[in-house]
Amino acid sequence: MNDQLRRAPAPDLLPRFVQIVGDKYAVTDAQTLAPHLIEGRGLYQGRSSLMLRPGSTQEVAAILKLANETKTAVVPQGGNTGLVGGQIPFDGELILSLTRLDKIREVDAASNTITVEAGVVLQRAQQAAEAAGRLFPLSLGSEGSCTIGGNLSTNAGGTGALAYGIARELVVGVEVVLADGRVMHLLRKLKKDNTGYDLRHIFVGAEGTLGIITAAVLKLFPRPRAVETAFIGLPSPAAAVKLLNLAQARVSGTVTGFELMARGIIDFALKHGHGNRDPLAGQHAWYVLLEVSSQQDKGLREEVEHFLADAVEQGLVEDATIAASLDQTKAFWHMRHTLTEVQKPEGGSIKHDVSVPVAAVPDFIAEASAAVIALIPGSRPVPFGHVGDGNIHFNVSQPIGADKDAFLARWVEVNNVVDKIVLKYHGSISAEHGIGTLKRDSLVKVKDPVALALMRDFKKMLDPNGILNPGKVL
Ligand code: FAD
Ligand code: MLT
Ligand code: ZN
């Protein structure tokens with residue numbers, strides 16, 4: 001880190017920063033700033049006395065140029081839904097909010113691309129694609145408030161990654177403002193462009209530490225003509241993995257969603273989630289939310305019915321219901337998307353967003369559950385997640401009646417136990433949420449040292465004064 005870096009902007013510089021966006025878009029009052037200083041789960045509280053809301057790429061460039069010349073730190077922020085604290089200013093840094101860059105510049109149905117600015121909320125991008133008869137498949141529980149800039153900067157995954165890929169795979173082109181204010185124009189719609197190094201991917205997943213993404217060209221897909229959604233009760237994660245393989249082999253459509261949930265998290269959803277109802281009559285140890293999509297108008301429902309009947313015969317499925325209406329489909333997904341929220345009323349929750357090879361998911365869940373219960377008797381693992389990507393949100397709720405702060409004080413200890421099992425299976429300690437602040441100390445323990453050294457070299461080259469999101473990732 002550069003010694004001369006100023007975390008909070010120097011008082012004499014404030015008017016110069018404000019002048020770039022104008023008084024109206026320079027936020028200084030504590031009440032308006034407050035929601036931008038806390039992370040959604042209440043894990044982090046930051047501080048800042050200035051948030052700039054530029055309205056154009058040129059204004060972003062002017063802000064970074066001044067910040068770089070004066071060695072002033074900048075924390076980029078989109079929808080503030082990040083789960084690792086990357087968007088939080090911890091030391092009074094200036095917040096660079098991208099939410100006014102909210103234009104959908106173009107939907108090109110023939111090229112299957114959409115060009116959007118960084119502050120466009122994910123749901124708006126999905127809706128714009130739909131209006132043009134196309135699908136933008138990135139889908140997260142936070143899609144009503146997270147932004148495309150945040151999605152790309154965290155390389156978000158979500159429920160559609162299984163079939164359509166993570167955010168990185170959906171990016172065709174980017175426009176990025178570099179730390180010194182230069183603008184890199186790579187807003188191309190080309191699938192094929194082998195003119196040297198593919199620089200767009202350096203900024204995807206960089207969590208605002210290498211540059212500011214101001215716009216992107218994203219990939220669109222044909223909308224499926226038929227979609228079937230089923231809520232399935234099953235005996236074990238091992239049955240879920242076999243069911244996934246069977247579905248992918250047997251159904252002529254594409255498996256576009258396959259979400260695993262432990263009964264424990266379903267209980268939380270029924271208890272604390274608004275409008276949730278148990279989709280199946282009896283209780284099951286595990287559940288899968290399955291979505292299959294097809295370009296054929298007819299026959300998909302019958303295929304899914306037959307496939308599920310076979311799976312029952314094979315002992316993989318105990319009970320299942322296929323959504324009978326659009327409302328029921330929405331209710332199934334609504335329940336899935338409430339899972340982050342419904343953990344809060346149960347007290348402290350220690351999180352792990354991890355991935356292992358798909359085949360290792362059942363062993364990982366069994367071993368990690370036993371290990372954390374041995375460490376903290378009464379603690380309640382409530383794993384769920386994108387099992388088709390090997391990505392499990394291995395979240396552990398505090399023992400009933402335990403002291404929340406005392407439980408949360410054991411966060412690192414619990415992480416160490418779980419991460420050890422992740423590494424045993426050659427997995428990743430951050431599957432889709434990123435590193436931010438939360439996993440910065442863990443990163444140095446698990447990343448290949450040569451890769452880590454290269455990451456530091458990239459950071460030094462692209463941001464020699466260390467102004468971009470200091471203290472995050474590295
Ligand atoms: P922010 O939180 O504002 O920022 C995230 C990071 O990106 C920060 O480091 C920030 O500095 C940086 N950043 C933001 N904008 C830019 C930019 N334009 N240029 C450079 N850097 C920038 N994540 C998943 O991957 N999968 C899920 O399934 C998922 N589900 C979620 C469900 C819920 C209910 C919630 C609350 C969160 C979930 N998340 C999930 C996490 C979160 O929504 C994603 O990380 C999302 O991509 C963050 O977008 P954002 O606009 O809110 O970014
Ligand atoms: C999800 O898939 O719902 C989120 O990524 C999980 C989380 O909030 O931990
Ligand atoms: Zn997730």
# chains A, B, ... in the order shown; residues from 1 in each chain; ligands from 1

call {"tool": "closest_atom_pairs", "arguments": {"of": "chain A", "to": "ligand 3", "cutoff": "9 Å", "atoms": "only C-alpha atoms and all ligand atoms", "output": "tab-separated table"}}
result
residue	atom	partner	partner_atom_place_in_ligand_line	distance
A:Leu140	CA	ligand 3	1 (Zn)	7.2
A:Gly141	CA	ligand 3	1 (Zn)	8.1
A:Ala156	CA	ligand 3	1 (Zn)	8.5
A:Gly157	CA	ligand 3	1 (Zn)	6.7
A:Gly158	CA	ligand 3	1 (Zn)	5.0
A:Thr159	CA	ligand 3	1 (Zn)	7.1
A:Thr340	CA	ligand 3	1 (Zn)	9.0
A:Asp353	CA	ligand 3	1 (Zn)	7.5
A:Phe384	CA	ligand 3	1 (Zn)	8.4
A:Gly385	CA	ligand 3	1 (Zn)	5.7
A:His386	CA	ligand 3	1 (Zn)	6.4
A:Asn391	CA	ligand 3	1 (Zn)	7.5
A:Ile392	CA	ligand 3	1 (Zn)	7.6
A:His393	CA	ligand 3	1 (Zn)	6.6
A:Ala431	CA	ligand 3	1 (Zn)	8.5
A:Glu432	CA	ligand 3	1 (Zn)	6.8
A:His433	CA	ligand 3	1 (Zn)	7.7

call {"tool": "select_by_dssp", "arguments": {"residues": "region 75-175 of chain A", "states": "strand (DSSP E)", "output": "compact mmCIF listing (two decimals) with C-alpha atoms, in the first residue's frame"}}
result
# COMPACT_ATOMS: atom_id res chain seq x y z
CA VAL A 75 -14.47 2.94 -2.98
CA PRO A 76 -16.76 2.01 -5.89
CA GLN A 77 -20.31 1.05 -5.05
CA LEU A 94 -14.87 8.75 -0.86
CA ILE A 95 -17.67 6.55 -2.23
CA LEU A 96 -17.97 6.45 -6.00
CA SER A 97 -21.58 5.44 -6.66
CA ILE A 104 -29.66 0.68 -21.45
CA ARG A 105 -27.75 1.84 -24.47
CA GLU A 106 -28.91 -0.82 -26.91
CA VAL A 107 -30.58 -4.20 -27.25
CA ASP A 108 -29.37 -5.88 -30.43
CA THR A 113 -26.34 -8.60 -27.15
CA ILE A 114 -27.44 -5.88 -24.76
CA THR A 115 -25.28 -2.84 -24.02
CA VAL A 116 -25.84 -1.39 -20.58
CA GLU A 117 -24.24 1.11 -18.27
CA ARG A 134 -34.48 -12.53 -25.50
CA LEU A 135 -33.19 -13.88 -22.20
CA VAL A 171 -19.50 -10.46 -20.86
CA VAL A 172 -18.79 -9.68 -24.50
CA GLY A 173 -17.26 -6.23 -24.07
CA VAL A 174 -16.50 -3.63 -21.40
CA GLU A 175 -15.81 0.07 -20.99

call {"tool": "closest_residue", "arguments": {"among": "A:Arg380, A:Lys65, A:Lys424, A:Arg336", "to": "ligand 2", "atoms": "only C-alpha atoms and all ligand atoms"}}
result
A:Arg336

call {"tool": "closest_residue", "arguments": {"among": "A:Val177, A:Leu14, A:Ala125, A:Leu339", "to": "ligand 2", "atoms": "only C-alpha atoms and all ligand atoms"}}
result
A:Leu339

call {"tool": "atom_distance", "arguments": {"atom1": "CA of Lys439 (chain A)", "atom2": "CA of Gly390 (chain A)"}}
result
19.3 Å

call {"tool": "residues_around", "arguments": {"residues": "Ala309 (chain A)", "least_positions_apart": "6", "cutoff": "10 Å", "atoms": "only C-alpha atoms", "output": "list in words"}}
result
Glu303, Gly315, Leu316, Val317, Glu318, Asp319 and Ala320 of chain A

call {"tool": "residues_around", "arguments": {"residues": "Ala206 (chain A)", "least_positions_apart": "5", "cutoff": "9 Å", "atoms": "only C-alpha atoms", "output": "count of residues only"}}
result
8

call {"tool": "atom_distance", "arguments": {"atom1": "CA of His284 (chain A)", "atom2": "CA of Gly233 (chain A)"}}
result
5.4 Å

call {"tool": "atom_distance", "arguments": {"atom1": "CA of Arg7 (chain A)", "atom2": "CA of Gly92 (chain A)"}}
result
6.2 Å

call {"tool": "select_by_dssp", "arguments": {"residues": "region 30-251 of chain A", "states": "alpha helix (DSSP H)", "output": "PyMOL selection string"}}
result
chain A and resi 30-33+57-69+122-131+148-154+161-164+167-170+200-203+237-250
